[in-house]
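Peer 1: My structure file structure01.cif, mmCIF, C-alpha atoms and all ligand atoms, is below:
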```
data_data
#
loop_
_atom_site.label_atom_id
_atom_site.label_comp_id
_atom_site.auth_asym_id
_atom_site.auth_seq_id
_atom_site.Cartn_x
_atom_site.Cartn_y
_atom_site.Cartn_z
CA MET A 1 0.00 0.00 0.00
CA GLY A 2 1.08 3.59 -0.34
CA CYS A 3 0.51 6.71 -2.30
CA GLY A 4 1.74 5.41 -5.65
CA ARG A 5 0.44 6.47 -8.99
CA THR A 6 -3.19 5.68 -9.62
CA PRO A 7 -3.45 3.65 -12.81
CA THR A 8 -4.80 5.73 -15.69
CA GLY A 9 -8.38 4.83 -16.42
CA SER A 10 -9.42 3.88 -12.91
CA VAL A 11 -9.83 7.62 -12.28
CA ARG A 12 -12.34 8.24 -15.02
CA GLY A 13 -13.44 4.67 -15.52
CA VAL A 14 -13.04 4.79 -19.30
CA ILE A 15 -9.80 4.27 -21.15
CA ARG A 16 -9.63 5.71 -24.64
CA LEU A 17 -7.56 4.20 -27.41
CA ALA A 18 -5.59 7.47 -27.54
CA GLU A 19 -4.36 6.87 -23.96
CA VAL A 20 -3.15 3.38 -24.85
CA ILE A 21 -1.41 4.73 -27.96
CA SER A 22 0.26 7.41 -25.88
CA ALA A 23 1.68 4.77 -23.50
CA LEU A 24 2.86 2.63 -26.43
CA ASP A 25 4.55 5.60 -28.11
CA GLU A 26 6.25 6.40 -24.81
CA TRP A 27 7.61 2.84 -24.46
CA TYR A 28 8.29 2.28 -28.16
CA ASP A 29 9.23 5.65 -29.60
CA PRO A 30 8.08 5.60 -33.25
CA ARG A 31 11.06 7.84 -34.13
CA THR A 32 13.36 4.86 -33.45
CA ALA A 33 11.64 2.70 -36.08
CA GLU A 34 13.64 1.87 -39.21
CA LYS A 35 12.95 4.16 -42.17
CA TRP A 36 11.38 1.31 -44.17
CA ASP A 37 9.06 0.25 -41.35
CA ALA A 38 5.35 0.95 -40.89
CA VAL A 39 4.45 1.33 -37.22
CA GLY A 40 1.62 2.87 -35.23
CA LEU A 41 -2.15 2.78 -35.57
CA VAL A 42 -3.29 0.82 -38.64
CA CYS A 43 -7.01 1.14 -37.96
CA GLY A 44 -9.14 2.33 -35.09
CA ASP A 45 -10.53 5.58 -33.71
CA PRO A 46 -8.36 7.16 -30.96
CA GLY A 47 -11.54 8.39 -29.30
CA ASP A 48 -13.01 4.90 -28.89
CA PRO A 49 -13.08 3.31 -25.42
CA VAL A 50 -10.90 0.24 -24.82
CA THR A 51 -11.59 -2.34 -22.13
CA SER A 52 -9.73 -5.33 -23.58
CA ILE A 53 -6.53 -5.73 -25.60
CA LEU A 54 -5.05 -8.74 -27.39
CA LEU A 55 -1.29 -8.96 -27.93
CA ALA A 56 0.12 -11.04 -30.80
CA VAL A 57 3.17 -11.26 -33.04
CA ASP A 58 1.28 -11.44 -36.34
CA PRO A 59 -1.84 -9.63 -37.61
CA VAL A 60 -3.52 -12.66 -39.15
CA GLU A 61 -7.04 -14.05 -39.46
CA GLN A 62 -6.73 -16.45 -36.50
CA VAL A 63 -5.65 -13.56 -34.27
CA ALA A 64 -8.64 -11.44 -35.38
CA ALA A 65 -10.88 -14.39 -34.49
CA GLU A 66 -9.18 -14.63 -31.09
CA ALA A 67 -9.84 -10.90 -30.54
CA GLU A 68 -13.51 -11.52 -31.25
CA ARG A 69 -13.58 -14.43 -28.77
CA THR A 70 -11.85 -12.43 -26.03
CA GLY A 71 -13.82 -9.25 -26.74
CA ALA A 72 -10.69 -7.19 -27.45
CA GLN A 73 -11.31 -3.80 -29.07
CA LEU A 74 -7.61 -3.43 -29.81
CA ILE A 75 -4.99 -5.82 -31.19
CA ILE A 76 -1.36 -4.88 -30.72
CA THR A 77 0.99 -6.80 -32.99
CA HIS A 78 4.73 -6.77 -33.57
CA HIS A 79 4.57 -7.29 -37.31
CA PRO A 80 2.97 -4.70 -39.59
CA LEU A 81 -0.09 -5.63 -41.61
CA LEU A 82 0.67 -3.18 -44.41
CA LEU A 83 4.46 -3.03 -44.66
CA ASP A 84 4.54 -3.01 -48.44
CA ALA A 85 2.64 -0.40 -50.40
CA VAL A 86 -0.88 -1.44 -51.37
CA HIS A 87 -3.34 0.21 -53.70
CA SER A 88 -6.34 -1.70 -52.46
CA VAL A 89 -7.67 -3.05 -49.20
CA ALA A 90 -10.59 -4.78 -50.91
CA ALA A 91 -11.98 -7.71 -48.95
CA THR A 92 -10.99 -9.95 -51.85
CA THR A 93 -7.37 -10.00 -50.57
CA PRO A 94 -6.24 -11.59 -47.26
CA LYS A 95 -5.03 -8.28 -45.80
CA GLY A 96 -8.08 -6.39 -47.04
CA ALA A 97 -10.41 -9.05 -45.65
CA LEU A 98 -8.65 -8.80 -42.29
CA LEU A 99 -9.01 -5.02 -42.22
CA HIS A 100 -12.70 -5.30 -43.12
CA ARG A 101 -13.19 -7.85 -40.35
CA LEU A 102 -11.52 -5.55 -37.82
CA LEU A 103 -13.44 -2.48 -38.92
CA ARG A 104 -16.78 -4.30 -38.92
CA GLY A 105 -16.11 -5.33 -35.33
CA ASN A 106 -14.94 -1.82 -34.40
CA ARG A 107 -11.53 -3.20 -33.51
CA GLY A 108 -8.30 -1.28 -33.74
CA LEU A 109 -4.88 -2.57 -34.81
CA PHE A 110 -1.64 -1.05 -33.55
CA VAL A 111 1.87 -2.07 -34.62
CA ALA A 112 5.10 -1.72 -32.61
CA HIS A 113 7.80 -3.29 -34.78
CA THR A 114 11.41 -2.07 -35.13
CA ASN A 115 10.65 0.63 -32.55
CA ALA A 116 9.86 -2.22 -30.11
CA ASP A 117 13.13 -3.91 -31.18
CA ALA A 118 15.12 -0.75 -30.45
CA ALA A 119 13.35 0.09 -27.17
CA ASP A 120 14.76 -0.41 -23.67
CA PRO A 121 13.34 -2.82 -22.65
CA GLY A 122 12.56 -4.21 -26.07
CA VAL A 123 11.93 -7.42 -27.96
CA SER A 124 15.47 -8.79 -27.58
CA ASP A 125 15.49 -8.05 -23.83
CA ALA A 126 12.50 -10.37 -23.46
CA LEU A 127 14.27 -13.00 -25.58
CA ALA A 128 17.45 -12.69 -23.49
CA ALA A 129 15.48 -12.93 -20.23
CA ARG A 130 13.74 -16.07 -21.46
CA LEU A 131 17.15 -17.64 -22.16
CA GLY A 132 18.64 -16.68 -18.79
CA ILE A 133 21.00 -14.05 -20.19
CA ASP A 134 21.98 -11.00 -18.13
CA VAL A 135 22.05 -8.20 -20.69
CA ASP A 136 24.96 -5.76 -20.92
CA GLY A 137 23.42 -3.60 -23.67
CA PRO A 138 22.31 -3.40 -27.28
CA LEU A 139 24.22 -5.32 -29.92
CA GLU A 140 24.02 -2.35 -32.25
CA PRO A 141 23.32 0.74 -30.09
CA LEU A 142 21.52 3.71 -31.56
CA PRO A 143 23.39 6.96 -30.95
CA MET A 144 22.19 9.31 -28.24
CA PRO A 145 20.26 12.29 -29.61
CA PRO A 146 22.92 14.61 -31.12
CA LEU A 147 24.27 17.40 -28.92
CA ASP A 148 26.09 20.68 -29.53
CA ARG A 149 28.16 22.55 -26.96
CA LEU A 150 27.79 26.31 -26.80
CA GLY A 151 30.38 28.63 -25.28
CA VAL A 152 29.55 32.33 -24.96
CA TYR A 153 31.27 35.35 -23.33
CA VAL A 154 29.06 37.85 -21.51
CA PRO A 155 29.60 40.68 -19.00
CA MET A 156 29.57 39.13 -15.51
CA ALA A 157 26.48 41.05 -14.43
CA ASP A 158 24.46 39.56 -17.31
CA ALA A 159 25.57 35.94 -16.90
CA GLN A 160 22.61 34.59 -14.90
CA ARG A 161 20.06 36.32 -17.09
CA LEU A 162 21.68 34.89 -20.23
CA ILE A 163 21.75 31.38 -18.72
CA ASP A 164 18.02 31.73 -17.97
CA ALA A 165 17.30 32.73 -21.57
CA LEU A 166 19.43 29.92 -23.05
CA ALA A 167 17.85 27.36 -20.72
CA ALA A 168 14.36 28.53 -21.64
CA ALA A 169 15.25 27.87 -25.28
CA GLY A 170 16.35 24.30 -24.50
CA ALA A 171 20.05 24.54 -23.55
CA GLY A 172 21.51 22.95 -20.41
CA ALA A 173 19.22 19.90 -20.17
CA ILE A 174 21.25 16.91 -18.96
CA GLY A 175 19.36 13.79 -17.86
CA GLN A 176 17.06 14.76 -15.00
CA TYR A 177 18.69 18.21 -14.67
CA GLU A 178 17.99 21.50 -16.40
CA ARG A 179 19.77 24.87 -16.65
CA ALA A 180 23.13 23.09 -16.29
CA ALA A 181 25.99 25.45 -17.20
CA TRP A 182 29.70 25.96 -16.62
CA MET A 183 30.90 29.45 -15.79
CA SER A 184 34.47 30.74 -15.75
CA GLU A 185 35.48 34.32 -15.24
CA GLY A 186 38.08 36.36 -17.06
CA GLU A 187 38.59 39.51 -19.03
CA GLY A 188 37.40 40.25 -22.53
CA THR A 189 38.85 42.97 -24.73
CA PHE A 190 37.78 44.60 -28.00
CA ARG A 191 37.95 47.86 -29.97
CA PRO A 192 34.63 49.06 -31.46
CA LEU A 193 35.09 50.21 -35.08
CA ALA A 194 33.35 53.05 -36.89
CA GLY A 195 29.70 52.17 -37.49
CA ALA A 196 29.40 50.00 -34.35
CA SER A 197 26.89 50.77 -31.56
CA PRO A 198 28.79 49.38 -28.57
CA THR A 199 26.89 48.61 -25.36
CA VAL A 200 30.16 49.07 -23.51
CA GLY A 201 33.07 51.32 -24.61
CA GLN A 202 33.65 53.90 -27.30
CA ILE A 203 34.45 53.85 -31.00
CA GLY A 204 38.17 53.45 -31.64
CA ARG A 205 39.17 52.76 -28.01
CA ILE A 206 40.34 49.41 -26.68
CA GLU A 207 37.99 48.24 -23.95
CA ARG A 208 38.59 45.67 -21.23
CA VAL A 209 35.51 44.10 -19.61
CA ALA A 210 35.11 41.56 -16.78
CA GLU A 211 33.29 38.72 -18.52
CA THR A 212 31.94 35.27 -17.77
CA ARG A 213 32.31 32.41 -20.22
CA ILE A 214 29.18 30.26 -20.13
CA GLU A 215 29.21 26.72 -21.55
CA MET A 216 26.02 24.72 -22.03
CA ALA A 217 24.94 21.56 -23.81
CA VAL A 218 22.42 22.16 -26.59
CA PRO A 219 20.21 19.44 -28.11
CA ARG A 220 20.91 19.84 -31.83
CA HIS A 221 17.26 20.18 -32.70
CA ARG A 222 17.15 23.24 -30.40
CA ARG A 223 20.20 24.88 -31.99
CA ALA A 224 18.31 27.58 -33.89
CA ALA A 225 16.11 28.47 -30.90
CA VAL A 226 19.09 28.66 -28.53
CA LEU A 227 21.10 30.88 -30.91
CA ALA A 228 18.07 33.12 -31.34
CA ALA A 229 17.79 33.39 -27.55
CA LEU A 230 21.51 34.16 -27.31
CA HIS A 231 21.28 37.04 -29.76
CA SER A 232 18.12 38.35 -28.17
CA ALA A 233 19.25 38.20 -24.52
CA HIS A 234 22.94 39.07 -24.89
CA PRO A 235 23.68 42.75 -24.19
CA TYR A 236 26.36 43.00 -26.92
CA GLU A 237 25.71 43.98 -30.50
CA ALA A 238 28.04 41.19 -31.71
CA PRO A 239 28.33 38.49 -29.02
CA ALA A 240 31.40 36.24 -29.18
CA PHE A 241 30.45 32.58 -29.02
CA ASP A 242 31.48 29.18 -30.30
CA LEU A 243 29.34 26.19 -31.10
CA VAL A 244 30.79 22.68 -31.56
CA GLU A 245 29.12 19.40 -32.41
CA GLN A 246 29.81 16.72 -29.81
CA ALA A 247 30.90 13.20 -30.78
CA ALA A 248 28.06 10.67 -31.03
CA GLN A 249 27.56 8.61 -27.88
CA PRO A 250 25.94 5.16 -27.83
CA SER A 251 22.55 4.95 -26.12
CA ALA A 252 20.80 2.10 -24.31
CA LEU A 253 18.49 1.77 -27.35
CA GLY A 254 19.20 -0.35 -30.40
CA ILE A 255 18.79 -3.68 -32.12
CA GLY A 256 19.81 -7.00 -30.52
CA ARG A 257 21.32 -7.57 -27.08
CA ILE A 258 24.63 -8.89 -25.79
CA GLY A 259 25.08 -10.39 -22.34
CA ARG A 260 26.19 -13.35 -20.30
CA LEU A 261 24.46 -16.65 -19.59
CA ARG A 262 23.84 -17.08 -15.88
CA ALA A 263 25.33 -20.57 -16.20
CA SER A 264 27.85 -21.44 -18.93
CA MET A 265 27.07 -24.54 -20.99
CA THR A 266 28.21 -26.26 -24.15
CA LEU A 267 26.72 -25.31 -27.49
CA ALA A 268 24.78 -28.58 -27.61
CA GLU A 269 23.38 -27.85 -24.14
CA PHE A 270 22.59 -24.24 -25.03
CA ALA A 271 20.68 -25.29 -28.16
CA ALA A 272 18.62 -27.73 -26.07
CA HIS A 273 18.18 -25.07 -23.37
CA ALA A 274 16.93 -22.51 -25.93
CA ALA A 275 14.56 -25.04 -27.49
CA ALA A 276 13.13 -25.81 -24.05
CA ARG A 277 12.82 -22.18 -22.94
CA LEU A 278 11.41 -20.62 -26.12
CA PRO A 279 7.77 -21.12 -27.14
CA ALA A 280 7.41 -24.48 -28.85
CA THR A 281 7.59 -24.61 -32.64
CA VAL A 282 8.02 -27.48 -35.06
CA TRP A 283 11.32 -25.90 -36.06
CA GLY A 284 12.86 -25.94 -32.61
CA VAL A 285 16.44 -24.63 -32.58
CA ARG A 286 19.37 -25.63 -34.79
CA ALA A 287 22.95 -24.58 -34.31
CA SER A 288 26.17 -24.27 -36.24
CA GLY A 289 29.51 -24.72 -34.48
CA ASN A 290 31.43 -27.09 -32.25
CA PRO A 291 28.81 -28.85 -30.05
CA ASP A 292 31.31 -28.99 -27.18
CA ALA A 293 32.31 -25.30 -27.32
CA VAL A 294 31.64 -23.55 -24.00
CA ILE A 295 29.08 -20.77 -24.34
CA SER A 296 28.89 -17.96 -21.81
CA ARG A 297 28.79 -14.64 -23.67
CA VAL A 298 25.71 -14.64 -25.89
CA ALA A 299 24.23 -12.23 -28.43
CA VAL A 300 20.56 -12.44 -29.35
CA CYS A 301 18.31 -10.68 -31.80
CA GLY A 302 14.57 -11.29 -31.96
CA GLY A 303 13.41 -11.76 -35.55
CA ALA A 304 15.63 -11.88 -38.61
CA GLY A 305 19.08 -10.89 -37.31
CA GLY A 306 21.31 -12.34 -40.02
CA SER A 307 22.80 -8.93 -40.81
CA LEU A 308 24.30 -8.69 -37.31
CA ILE A 309 26.45 -11.86 -37.36
CA GLU A 310 29.72 -9.94 -37.62
CA VAL A 311 28.52 -7.34 -35.11
CA ALA A 312 27.90 -10.18 -32.63
CA ARG A 313 31.35 -11.63 -33.33
CA ALA A 314 32.98 -8.21 -32.84
CA ALA A 315 31.12 -7.89 -29.53
CA GLY A 316 32.88 -11.04 -28.32
CA ALA A 317 29.90 -13.40 -28.38
CA ASP A 318 30.55 -17.12 -27.99
CA ALA A 319 27.18 -17.71 -29.61
CA TYR A 320 24.59 -15.64 -31.49
CA LEU A 321 20.94 -16.70 -31.46
CA THR A 322 18.51 -15.20 -33.92
CA SER A 323 16.21 -16.43 -36.71
CA ASP A 324 15.92 -16.72 -40.49
CA LEU A 325 19.65 -17.39 -40.93
CA ARG A 326 20.64 -18.18 -44.48
CA HIS A 327 22.82 -20.97 -45.81
CA HIS A 328 25.41 -18.62 -47.30
CA SER A 329 25.67 -16.22 -44.37
CA VAL A 330 26.12 -19.11 -41.92
CA GLY A 331 28.58 -20.83 -44.25
CA ASP A 332 30.61 -17.63 -44.62
CA ALA A 333 30.57 -17.00 -40.87
CA MET A 334 31.79 -20.51 -40.14
CA ALA A 335 34.45 -20.61 -42.88
CA VAL A 336 37.78 -21.66 -41.37
CA LEU A 337 41.04 -19.79 -41.73
CA PRO A 338 43.65 -21.70 -43.73
CA GLY A 339 45.92 -23.73 -41.45
CA THR A 340 43.99 -23.15 -38.22
CA GLY A 341 40.86 -25.20 -38.77
CA GLU A 342 38.93 -22.45 -36.94
CA PRO A 343 36.80 -19.48 -38.06
CA ARG A 344 38.47 -16.07 -37.57
CA THR A 345 37.08 -15.83 -34.04
CA PRO A 346 34.98 -18.90 -33.29
CA MET A 347 31.33 -18.05 -32.68
CA ALA A 348 28.43 -20.47 -32.78
CA LEU A 349 25.20 -19.54 -34.53
CA LEU A 350 21.74 -20.65 -33.42
CA ASP A 351 18.68 -20.38 -35.59
CA ALA A 352 15.27 -20.44 -33.87
CA ALA A 353 11.82 -19.90 -35.38
CA HIS A 354 11.22 -16.18 -36.05
CA TRP A 355 7.91 -16.22 -34.14
CA ALA A 356 9.48 -17.96 -31.13
CA THR A 357 12.17 -15.29 -30.76
CA GLU A 358 9.65 -12.44 -30.72
CA SER A 359 6.66 -13.79 -28.83
CA PRO A 360 8.36 -13.62 -25.37
CA TRP A 361 8.08 -9.81 -25.71
CA LEU A 362 4.28 -10.04 -25.51
CA ASP A 363 4.30 -11.12 -21.84
CA GLY A 364 6.33 -8.10 -20.75
CA LEU A 365 4.14 -5.75 -22.77
CA GLY A 366 1.08 -7.29 -21.12
CA ASP A 367 2.57 -6.63 -17.67
CA ARG A 368 3.35 -3.01 -18.57
CA LEU A 369 -0.18 -2.38 -19.84
CA ARG A 370 -1.73 -3.93 -16.72
CA SER A 371 0.52 -1.92 -14.47
CA ARG A 372 -0.23 1.34 -16.34
CA PHE A 373 -3.98 0.96 -16.73
CA GLY A 374 -4.97 -1.29 -13.83
CA THR A 375 -7.85 -3.70 -13.75
CA THR A 376 -10.09 -1.47 -15.89
CA LEU A 377 -8.28 -2.97 -18.84
CA SER A 378 -8.03 -6.68 -19.48
CA VAL A 379 -4.98 -7.76 -21.47
CA HIS A 380 -4.65 -11.13 -23.18
CA VAL A 381 -1.53 -12.55 -24.77
CA SER A 382 -2.43 -14.53 -27.87
CA GLN A 383 -2.41 -18.28 -27.37
CA ILE A 384 -2.12 -18.92 -31.08
CA ASN A 385 1.16 -20.06 -32.56
CA THR A 386 1.45 -18.05 -35.78
CA ASP A 387 4.75 -19.59 -36.84
CA PRO A 388 4.03 -20.35 -40.51
CA TRP A 389 6.05 -23.60 -40.40
CA THR A 390 3.81 -26.52 -39.48
CA VAL A 391 5.76 -29.70 -40.21
CA HIS A 392 9.28 -30.75 -39.27
CA SER A 393 10.70 -34.07 -40.28
CA PRO A 394 14.23 -34.83 -39.03
CA SER A 395 16.46 -36.50 -41.57
CA ARG A 396 17.24 -40.17 -40.91
CA ARG A 397 20.73 -40.35 -39.41
CA SER A 398 23.17 -42.44 -41.40
CA ALA A 399 24.47 -45.46 -39.44
CA GLY A 400 27.82 -44.69 -37.83
ZN ZN A 501 9.81 -10.24 -36.78
#
```
Transcribe the structure of this file into structure tokens.
Peer 2:
Amino acid sequence: MGCGRTPTGSVRGVIRLAEVISALDEWYDPRTAEKWDAVGLVCGDPGDPVTSILLAVDPVEQVAAEAERTGAQLIITHHPLLLDAVHSVAATTPKGALLHRLLRGNRGLFVAHTNADAADPGVSDALAARLGIDVDGPLEPLPMPPLDRLGVYVPMADAQRLIDALAAAGAGAIGQYERAAWMSEGEGTFRPLAGASPTVGQIGRIERVAETRIEMAVPRHRRAAVLAALHSAHPYEAPAFDLVEQAAQPSALGIGRIGRLRASMTLAEFAAHAAARLPATVWGVRASGNPDAVISRVAVCGGAGGSLIEVARAAGADAYLTSDLRHHSVGDAMAVLPGTGEPRTPMALLDAAHWATESPWLDGLGDRLRSRFGTTLSVHVSQINTDPWTVHSPSRRSAG
């Protein structure tokens, strides 16, 4: 008990779709989605009330039927329904028929795809947690939002007022702090030339003024506003300042995760462990590498992560688990160096079913929605396995 936050919705009794979207956009910032992706609200009216939500990996017919059974007014999926351009959503096509079915039932569809991959926590965090991996960070971190650093010289008496003006325009925000600035004091000197209107000094005479140098961080998207504030609030006709772009810093957001298994095991054991821990599919888990190699540092990427094989190797992974790995990319990654009998830096690869690597994320999303909106909202995680592979037949082992 305590005076914690009251879940949204229990106050007014009705939760609108717009409130759910706002929470989803907060957790899975659409600005972090890949350029080619299609995320956000696919259909639905933000003003509609929502009492029940269904979470699924794929927006398919069986999931729409499950939403009807559970009474969900909103389906949140990881995969987009309309990723490729369409010129028709006629009910004569599978996607069109699905949209019609949702709209007839007044059901919304919301997609959190690569923005849910990049988020912290995101899809690969859930995958890592399911496999017993303590995560160190993203496999391929997104950069922090770009920053500039502004340095400006101002008469000492005007320093605090200028800091206020720069801060109001967006400078000096660092984490949970605002109006952060460095000040150092010294002496400025200048000679106003003919035509100048000096605030201090006279035309043709060298002036010496006690000045403060102010340094502040500036989010790059606020650069123009901060410079406008500088020129407007600074007492000088021609303020002296410098503005430099800071080096990019990695953030906690990004695709894939790298971490350490809580208990090291051989590759053969890790493949069996992953197959047992991940949602069951006919595919299971297959691996490439020495079955007896000891695996402790592991990279994972929910979904198709074949493009990150060398990133995982460079991060020092003993094994990289993802899905949709291709013959040639695995073959190239496992190619041995002449004379050593080993790949450049040995790293095992594990290939699980795409659906199985992403569906663990749904449980965490369900928990977040319940915790944000309370019991006014019922949240169901889809019980339907939408892995498109339905048959697996192991090859007969040759004798010996
Ligand atoms: Zn996927």
Peer 1: Could you check how far atom CA of A:Arg16 sits from atom CA of A:Leu41, in Å to one decimal?
Peer 2: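 Between atom CA of A:Arg16 and atom CA of A:Leu41 the gap is 13.6 Å.
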Peer 1: At a cut-off of 7 Å around ligand ZN 501 (chain A), and using only C-alpha atoms and all ligand atoms, what residues come up? Please write them as a PyMOL selection string.
Peer 2: chain A and resi 78-79+302-304+354-355+358
Peer 1: Return the single residue from A:Ile309, A:Ile203, A:Ala181, A:Ala119 that is closest to A:Thr322, with distances computed using only C-alpha atoms.
Peer 2: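 Checking each of A:Ile309, A:Ile203, A:Ala181, A:Ala119 against A:Thr322, counting only C-alpha atoms, the winner is A:Ile309.
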Peer 1: Where does stretch 295-319 of chain A meet stretch 268-288 of chain A within 10 Å, residue by residue, with the nearest atom pair and distance in Å to one decimal for each, counting all atoms listed in the file, listed by chain and rising number, as a Markdown table?
Peer 2:
```
| residue | atom | partner | partner_atom | distance |
| --- | --- | --- | --- | --- |
| A:Ile295 | CA | A:Phe270 | CA | 7.4 |
| A:Ser296 | CA | A:Phe270 | CA | 9.5 |
| A:Ala319 | CA | A:Phe270 | CA | 9.2 |
```
Peer 1: From the options A:Thr212, A:Asn290, A:Thr32, A:Thr77, which residue's atoms come nearest to A:Glu187, counting all atoms listed in the file?
Peer 2: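 For A:Glu187, the nearest of the given residues is A:Thr212.
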Peer 1: For A:Leu98, which residue out of A:Val123, A:Val63, A:Leu55, A:Ala196 is the nearest one, using all atoms listed in the file?
Peer 2: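 Going through A:Val123, A:Val63, A:Leu55, A:Ala196 one by one, the smallest distance to A:Leu98 is for A:Val63.
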Peer 1: Just the number, please: distance in Å from atom CA of A:Val60 to atom CA of A:Asp45, one decimal.
Peer 2: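 Atom CA of A:Asp45 lies 20.3 Å from atom CA of A:Val60.
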Peer 1: Which distance in Å separates atom CA of A:Asp363 and atom CA of A:Leu377, to one decimal?
Peer 2: 15.3 Å
Peer 1: Considering only C-alpha atoms, state which residue in the set A:Ser371, A:Trp361, A:His100, A:Thr386 is at the smallest distance from A:Arg130.
Peer 2: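 Among A:Ser371, A:Trp361, A:His100, A:Thr386, it is A:Trp361 that comes nearest to A:Arg130.
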Peer 1: Using only C-alpha atoms, which of A:Ile133, A:Val86, A:Leu102, A:Leu24 sits nearest A:Cys43?
Peer 2: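 Comparing A:Ile133, A:Val86, A:Leu102, A:Leu24 against A:Cys43, the winner is A:Leu102.
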Peer 1: Output as CSV one row per residue of stretch 219-297 of chain A within 7 Å of stretch 154-171 of chain A: the closest atom pair and its distance in Å to one decimal place, counting all atoms listed in the file, sorted by chain and residue number ascending.
Peer 2:
```
residue,atom,partner,partner_atom,distance
A:Pro219,CA,A:Ala171,CA,6.8
A:Arg222,CA,A:Gly170,CA,6.0
A:Ala225,CA,A:Ala169,CA,5.7
A:Val226,CA,A:Ala169,CA,5.1
A:Ala229,CA,A:Leu166,CA,5.9
A:Leu230,CA,A:Leu166,CA,6.4
A:Ala233,CA,A:Leu162,CA,5.9
A:His234,CA,A:Leu162,CA,6.4
```
Peer 1: Between A:Arg223, A:His392, A:Arg107, A:Arg179, single out the one closest to A:Asp48, counting only C-alpha atoms.
Peer 2: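 Smallest separation from A:Asp48 among the options: A:Arg107.
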Peer 1: Applying 7 Å and all atoms listed in the file, which residues near A:Glu140 remain after dropping the ones on its own chain fewer than 3 positions away? List them as a list in words.
Peer 2: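 What passes the distance filter is Gly254, Ile255 and Gly256 of chain A.
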Peer 1: Give me the residues near stretch 245-251 of chain A as an NGL selection string, where near means some atom within 8 Å (using only C-alpha atoms) and where sequence neighbours in that chain fewer than 2 positions away do not count.
Peer 2: :A and (141-144 or 146-149 or 243 or 253-254)
